[in-house]
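Source file: protein_0.txt. Holds: compact mmCIF, C-alpha atoms.
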# COMPACT_ATOMS: atom_id res chain seq x y z
CA THR A 1 85.68 151.40 41.48
CA GLN A 2 89.27 151.34 42.76
CA ALA A 3 90.54 149.98 39.43
CA ASN A 4 88.93 152.93 37.60
CA ARG A 5 89.95 155.78 39.93
CA ALA A 6 91.86 157.59 37.18
CA TRP A 7 88.66 158.05 35.14
CA LEU A 8 86.34 159.02 38.01
CA ALA A 9 85.69 162.45 39.51
CA ASP A 10 87.16 163.10 42.96
CA SER A 11 83.76 164.23 44.21
CA PHE A 12 82.22 160.92 43.11
CA LEU A 13 84.98 158.91 44.80
CA THR A 14 84.57 160.86 48.04
CA GLU A 15 80.82 160.29 48.04
CA ILE A 16 81.00 156.60 47.23
CA GLU A 17 83.70 155.95 49.86
CA ALA A 18 81.64 157.76 52.50
CA ARG A 19 78.57 155.74 51.58
CA TYR A 20 80.03 152.26 51.21
CA GLY A 21 83.52 152.25 52.78
CA GLY A 22 83.95 149.71 55.57
CA THR A 23 80.91 147.65 54.53
CA ARG A 24 80.50 144.24 52.92
CA LEU A 25 78.84 145.83 49.90
CA GLY A 26 81.80 148.20 49.66
CA ARG A 27 84.18 145.25 49.41
CA GLN A 28 82.35 144.22 46.26
CA GLU A 29 81.57 147.58 44.66
CA LEU A 30 84.76 149.45 45.62
CA ASP A 31 87.40 146.71 45.72
CA GLY A 32 85.97 144.28 43.17
CA VAL A 33 85.86 141.32 45.57
CA MET A 34 83.32 138.77 44.35
CA LEU A 35 81.06 137.97 47.29
CA ALA A 36 78.32 135.37 47.30
CA ASP A 37 76.08 134.01 50.00
CA ALA A 38 76.13 130.28 50.54
CA GLU A 39 72.84 128.73 49.44
CA GLY A 40 70.43 128.85 52.38
CA SER A 41 72.64 131.26 54.38
CA LEU A 42 71.41 132.12 57.87
CA PHE A 43 72.89 135.60 57.36
CA PRO A 44 72.30 136.61 53.71
CA GLY A 45 74.10 139.65 52.36
CA ALA A 46 70.93 141.75 52.08
CA LEU A 47 70.23 141.18 55.78
CA LEU A 48 73.75 142.24 56.75
CA GLU A 49 73.67 145.33 54.55
CA ASN A 50 70.47 146.47 56.24
CA CYS A 51 71.95 146.26 59.75
CA GLN A 52 74.65 148.92 59.21
CA VAL A 53 74.58 151.96 61.52
CA GLU A 54 76.56 155.19 61.52
CA ARG A 55 76.16 155.93 65.22
CA VAL A 56 76.12 153.65 68.25
CA PRO A 57 73.99 154.75 71.22
CA GLU A 58 75.03 154.67 74.87
CA LEU A 59 75.45 151.01 75.78
CA ASP A 60 74.53 149.23 79.00
CA ARG A 61 77.12 146.48 78.60
CA VAL A 62 80.06 145.66 76.38
CA VAL A 63 81.78 142.27 76.15
CA VAL A 64 84.74 140.88 74.25
CA ALA A 65 84.22 137.29 73.08
CA VAL A 66 87.11 135.01 72.09
CA ASP A 67 87.13 131.79 70.09
CA PRO A 68 90.71 130.60 70.76
CA ALA A 69 92.76 128.75 68.21
CA VAL A 70 93.41 125.10 69.08
CA THR A 71 97.18 125.58 68.73
CA GLY A 72 99.52 128.53 69.11
CA HIS A 73 102.06 128.78 66.28
CA ALA A 74 102.52 130.60 62.99
CA GLY A 75 100.26 128.18 61.09
CA SER A 76 97.44 128.15 63.64
CA ASP A 77 93.84 129.00 62.85
CA LEU A 78 92.68 132.54 63.41
CA CYS A 79 91.70 133.46 66.96
CA GLY A 80 88.25 135.04 66.71
CA ILE A 81 87.93 138.18 68.85
CA VAL A 82 84.72 140.22 68.51
CA VAL A 83 83.48 143.20 70.57
CA VAL A 84 79.72 143.57 71.07
CA GLY A 85 77.69 145.99 73.17
CA ALA A 86 74.01 146.00 74.05
CA VAL A 87 71.20 148.26 75.22
CA THR A 88 69.12 146.13 77.60
CA ARG A 89 66.77 148.63 79.17
CA GLY A 90 63.04 147.97 79.18
CA PRO A 91 61.21 144.94 77.74
CA VAL A 92 63.29 142.20 76.12
CA ALA A 93 61.73 142.96 72.72
CA ASP A 94 63.32 146.43 72.90
CA TRP A 95 66.86 145.19 73.56
CA ARG A 96 69.39 145.92 70.83
CA ALA A 97 72.97 144.71 70.26
CA TYR A 98 75.76 146.52 68.39
CA VAL A 99 78.78 144.72 66.93
CA LEU A 100 81.58 147.22 67.46
CA GLU A 101 84.82 145.62 66.28
CA ASP A 102 86.33 142.48 64.83
CA ALA A 103 89.74 142.32 66.51
CA SER A 104 90.57 138.76 65.41
CA VAL A 105 94.26 137.86 65.13
CA ARG A 106 96.42 135.02 63.90
CA ALA A 107 98.46 134.70 67.07
CA SER A 108 101.58 132.59 67.37
CA SER A 109 101.04 132.10 71.11
CA PRO A 110 98.16 132.26 73.63
CA SER A 111 99.72 135.34 75.23
CA GLU A 112 99.40 137.18 71.89
CA TRP A 113 95.69 136.61 71.45
CA ALA A 114 95.09 137.25 75.15
CA ARG A 115 96.83 140.64 74.80
CA ALA A 116 94.77 141.44 71.70
CA ALA A 117 91.56 140.62 73.58
CA ILE A 118 92.55 142.69 76.63
CA ASP A 119 93.50 145.61 74.38
CA ALA A 120 90.05 145.39 72.75
CA MET A 121 88.47 145.51 76.21
CA GLY A 122 90.38 148.70 76.94
CA ARG A 123 89.42 150.38 73.65
CA HIS A 124 85.71 149.80 74.23
CA GLY A 125 85.42 149.83 78.03
CA ALA A 126 84.22 146.22 78.07
CA ASP A 127 83.20 144.75 81.41
CA ARG A 128 83.73 141.08 80.57
CA LEU A 129 85.93 138.78 78.52
CA ILE A 130 84.24 135.60 77.34
CA ALA A 131 86.25 132.68 75.99
CA GLU A 132 85.43 129.14 74.97
CA VAL A 133 87.31 126.62 77.10
CA ASN A 134 86.75 123.50 74.96
CA GLN A 135 89.97 124.10 73.05
CA GLY A 136 92.67 125.16 75.45
CA GLY A 137 91.21 128.42 76.66
CA ASP A 138 92.13 127.90 80.31
CA LEU A 139 94.93 130.45 80.05
CA VAL A 140 93.34 133.77 81.03
CA ALA A 141 90.90 135.05 83.64
CA TYR A 142 87.43 135.45 82.16
CA LYS A 143 83.93 134.08 82.07
CA ALA A 144 84.39 130.61 80.62
CA VAL A 145 81.81 129.23 78.20
CA ARG A 146 81.71 125.63 77.10
CA ALA A 147 80.20 124.44 73.82
CA THR A 148 77.57 121.81 74.60
CA HIS A 149 75.81 122.23 71.24
CA GLY A 150 77.15 122.42 67.71
CA LYS A 151 77.97 125.63 65.87
CA LEU A 152 74.71 125.54 63.93
CA ALA A 153 72.55 125.10 67.03
CA ARG A 154 74.24 128.10 68.64
CA ALA A 155 74.06 130.24 65.50
CA GLU A 156 70.37 129.75 64.70
CA PRO A 157 68.94 131.83 67.60
CA VAL A 158 71.51 134.52 66.79
CA ALA A 159 70.25 134.57 63.20
CA ALA A 160 66.75 135.09 64.58
CA LEU A 161 67.95 138.24 66.37
CA TYR A 162 69.22 139.57 63.04
CA GLU A 163 65.94 138.76 61.30
CA GLN A 164 64.10 140.69 64.03
CA GLY A 165 66.31 143.73 63.37
CA ARG A 166 67.77 143.61 66.87
CA VAL A 167 71.48 143.52 65.94
CA ARG A 168 73.34 146.37 64.26
CA HIS A 169 76.87 146.55 62.80
CA ALA A 170 79.44 149.31 62.90
CA ARG A 171 81.57 149.70 59.79
CA GLY A 172 84.75 147.72 59.23
CA LEU A 173 83.32 144.22 59.81
CA GLU A 174 83.63 142.91 56.26
CA ALA A 175 85.68 139.81 57.12
CA LEU A 176 83.24 138.82 59.86
CA GLU A 177 80.27 139.39 57.55
CA GLU A 178 81.83 137.23 54.84
CA GLN A 179 82.04 134.34 57.31
CA MET A 180 78.46 134.94 58.42
CA ALA A 181 77.20 134.72 54.84
CA GLN A 182 78.69 131.21 54.59
CA MET A 183 76.81 129.78 57.59
CA THR A 184 73.79 127.75 56.43
CA ALA A 185 71.16 125.49 57.94
CA GLN A 186 73.38 122.58 56.85
CA GLY A 187 76.54 123.98 58.46
CA TYR A 188 79.43 126.28 57.55
CA ARG A 189 80.24 126.37 53.83
CA GLY A 190 83.30 128.61 53.93
CA SER A 191 86.94 127.59 54.04
CA GLY A 192 88.61 126.90 57.36
CA SER A 193 86.83 127.53 60.64
CA PRO A 194 84.30 130.33 61.28
CA ASP A 195 86.36 131.75 64.15
CA ARG A 196 85.02 135.31 63.89
CA LEU A 197 81.43 134.10 63.69
CA ASP A 198 81.90 131.78 66.67
CA ALA A 199 83.13 134.69 68.79
CA LEU A 200 80.16 136.81 67.69
CA VAL A 201 77.73 134.02 68.60
CA TRP A 202 79.22 133.69 72.11
CA ALA A 203 78.91 137.45 72.64
CA LEU A 204 75.27 137.63 71.57
CA HIS A 205 74.32 134.62 73.67
CA THR A 206 75.89 136.30 76.70
CA LEU A 207 74.43 139.77 76.10
CA MET A 208 71.00 139.02 74.66
CA LEU A 209 69.83 135.40 74.63
CA GLU A 210 70.84 134.14 78.07
CA PRO A 211 69.60 137.22 80.03
CA ALA A 212 66.32 137.15 78.08
CA ALA A 213 65.82 133.45 78.88
CA ARG A 214 66.43 134.11 82.58
CA ARG A 215 63.90 136.93 82.55
CA ARG A 216 61.24 134.77 80.88
CA THR A 217 61.75 131.78 83.23
CA PRO A 218 58.92 131.77 85.81
CA ARG A 219 60.02 131.91 89.42
CA MET A 220 58.52 129.53 91.98
CA ARG A 221 57.46 130.92 95.31
CA VAL A 222 58.08 128.79 98.38
CA LEU A 223 55.17 128.80 100.86
As a first step, turn the structure in this file into C-alpha cells.
Amino acid sequence: TQANRAWLADSFLTEIEARYGGTRLGRQELDGVMLADAEGSLFPGALLENCQVERVPELDRVVVAVDPAVTGHAGSDLCGIVVVGAVTRGPVADWRAYVLEDASVRASSPSEWARAAIDAMGRHGADRLIAEVNQGGDLVAYKAVRATHGKLARAEPVAALYEQGRVRHARGLEALEEQMAQMTAQGYRGSGSPDRLDALVWALHTLMLEPAARRRTPRMRVL
C-alpha cells in the first residue's frame, strides 16, 4: 500500500491506516513486509490478529517484565521489556490480560535498559518490575524470577491463554508478534534470541498463571 500511495485515494489511505496501522497484518499489507509463521507456531498469525483491541479496560495490576541482555555493549542482544496489565476480578476463567507496550531496547549498558524499564513503569503506572536473574540481572531492585525450565516449557501455558482468548494486544506490537509467530513446539525458529517474547512470558506467568495456580491449590486445615 505504501509503495502505491500516489495512485490511491486519500480517503482510502486514511481508512486502511485506521483499520490496520500498528498491527502485524498492517506490517504486511501496508508496508509490504513478508511475514510467515514458523511451521507449528504456538502463536500463529491468525490467532494474534484476532486478539487486537482498540480500548483497554480499567486494570487491576500492571507489571513491566525484563529479559536482560547477557552483556552490555553496542553489539549486545536486545533487552526485552514488555508492559502487561490484567483484570483479575472474579473467577479465574474470567481473568483477562492486556499487552500494553513493547519497550524493548538495545542498551549499551545495564543502566540504560534499567532506565527504559523504569520509564515504562511510569508511563503505565506499573506496580512491579520483573526481571530474570539468570543472566546478570542482579543490578536493579525488582521481583527476581529465575528460569528453571526452558523457553518452550514456559511459553506453552502462555500459548494456552491466547487460545482461550484471555490475552489481548494493544496496537504497535508488531515486532513482538513477529517473534511470537516463530516460537514452535520444537523451539524458537527465528533469528537471534526471542527477547521480547521471553519478557512477555514472564509477565503473563506473574499476572495470570502463578496467581491462578495459587488459587486452585487446596489448603490444608490443621486440627
* **Ala160 in chain A environment, 12 Å, all atoms listed in the file, sequence neighbours closer than 4 positions dropped, as a VMD selection string** => chain A and resid 42 to 43 47 153 to 156 164 to 167 201 204 to 205 208 to 209
* **Coordinates-based distance that separates CA of Leu152 in chain A from CA of Gly187 in chain A (Å, one decimal)** => 6.0 Å
* Atom-to-atom span, CA of Val56 in chain A and CA of Trp95 in chain A, Å ->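 Rounded to one decimal, the two atoms are 13.6 Å apart.
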Enclosing box along x, y and z for every listed atom of range 37-42 of chain A, padded 3 Å each side, centre and size in Å, one decimal, as AutoDock Vina command-line options:
--center_x 73.3 --center_y 131.4 --center_z 53.7 --size_x 11.7 --size_y 11.3 --size_z 14.4
* To do: Could you give me, as a ChimeraX atom specification, the residues within 7 Å of range 120-128 of chain A, counting only C-alpha atoms and dropping anything in the same chain fewer than 4 positions from it?
  => /A:61-64,103,116,142
My structure is short of atoms at range 185-210 of chain A; please model N, CA, C and O atoms there, returning them as a compact mmCIF listing (two decimals), in the coordinates of the input.
# COMPACT_ATOMS: atom_id res chain seq x y z
N ALA A 185 71.89 126.44 57.10
CA ALA A 185 71.16 125.49 57.94
C ALA A 185 71.78 124.10 57.89
O ALA A 185 71.46 123.25 58.72
N GLN A 186 72.68 123.87 56.94
CA GLN A 186 73.38 122.58 56.85
C GLN A 186 74.81 122.66 57.40
O GLN A 186 75.54 121.68 57.38
N GLY A 187 75.20 123.82 57.90
CA GLY A 187 76.54 123.98 58.46
C GLY A 187 77.31 125.07 57.74
O GLY A 187 76.78 125.76 56.86
N TYR A 188 78.58 125.23 58.10
CA TYR A 188 79.43 126.28 57.55
C TYR A 188 79.98 125.84 56.21
O TYR A 188 80.56 124.76 56.07
N ARG A 189 79.82 126.71 55.18
CA ARG A 189 80.24 126.37 53.83
C ARG A 189 81.51 127.11 53.40
O ARG A 189 81.97 126.94 52.27
N GLY A 190 82.08 127.89 54.27
CA GLY A 190 83.30 128.61 53.93
C GLY A 190 84.53 127.75 54.14
O GLY A 190 84.46 126.60 54.59
N SER A 191 85.68 128.31 53.84
CA SER A 191 86.94 127.59 54.04
C SER A 191 87.41 127.79 55.47
O SER A 191 87.17 128.83 56.09
N GLY A 192 88.09 126.80 56.00
CA GLY A 192 88.61 126.90 57.36
C GLY A 192 87.51 126.85 58.41
O GLY A 192 86.45 126.26 58.20
N SER A 193 87.77 127.51 59.52
CA SER A 193 86.83 127.53 60.64
C SER A 193 86.23 128.92 60.78
O SER A 193 86.92 129.92 60.59
N PRO A 194 84.94 129.02 61.13
CA PRO A 194 84.30 130.33 61.28
C PRO A 194 84.63 130.98 62.63
O PRO A 194 83.75 131.23 63.46
N ASP A 195 85.90 131.28 62.85
CA ASP A 195 86.36 131.75 64.15
C ASP A 195 85.71 133.07 64.55
O ASP A 195 85.32 133.27 65.71
N ARG A 196 85.62 134.00 63.60
CA ARG A 196 85.02 135.31 63.89
C ARG A 196 83.54 135.14 64.24
O ARG A 196 83.05 135.74 65.20
N LEU A 197 82.86 134.33 63.45
CA LEU A 197 81.43 134.10 63.69
C LEU A 197 81.21 133.43 65.04
O LEU A 197 80.28 133.77 65.77
N ASP A 198 82.04 132.45 65.37
CA ASP A 198 81.90 131.78 66.67
C ASP A 198 82.01 132.77 67.82
O ASP A 198 81.23 132.72 68.78
N ALA A 199 82.97 133.68 67.73
CA ALA A 199 83.13 134.69 68.79
C ALA A 199 81.89 135.59 68.86
O ALA A 199 81.40 135.91 69.95
N LEU A 200 81.37 136.00 67.71
CA LEU A 200 80.16 136.81 67.69
C LEU A 200 79.00 136.08 68.35
O LEU A 200 78.24 136.68 69.14
N VAL A 201 78.84 134.80 68.05
CA VAL A 201 77.73 134.02 68.60
C VAL A 201 77.83 133.96 70.12
O VAL A 201 76.84 134.14 70.84
N TRP A 202 79.04 133.72 70.65
CA TRP A 202 79.22 133.69 72.11
C TRP A 202 78.81 135.03 72.72
O TRP A 202 78.15 135.08 73.76
N ALA A 203 79.22 136.13 72.09
CA ALA A 203 78.91 137.45 72.64
C ALA A 203 77.41 137.70 72.68
O ALA A 203 76.88 138.20 73.69
N LEU A 204 76.71 137.36 71.61
CA LEU A 204 75.27 137.63 71.57
C LEU A 204 74.49 136.70 72.49
O LEU A 204 73.45 137.10 73.04
N HIS A 205 74.96 135.48 72.67
CA HIS A 205 74.32 134.62 73.67
C HIS A 205 74.46 135.23 75.06
O HIS A 205 73.50 135.25 75.84
N THR A 206 75.64 135.75 75.37
CA THR A 206 75.89 136.30 76.70
C THR A 206 75.11 137.59 76.94
O THR A 206 74.55 137.80 78.03
N LEU A 207 75.06 138.45 75.93
CA LEU A 207 74.43 139.77 76.10
C LEU A 207 72.92 139.75 75.95
O LEU A 207 72.22 140.51 76.63
N MET A 208 72.41 138.93 75.04
CA MET A 208 71.00 139.02 74.66
C MET A 208 70.20 137.75 75.00
O MET A 208 69.16 137.83 75.65
N LEU A 209 70.66 136.61 74.56
CA LEU A 209 69.83 135.40 74.63
C LEU A 209 69.73 134.83 76.04
O LEU A 209 68.64 134.51 76.51
N GLU A 210 70.87 134.72 76.72
CA GLU A 210 70.84 134.14 78.07
C GLU A 210 70.11 135.04 79.06
O GLU A 210 69.26 134.54 79.83
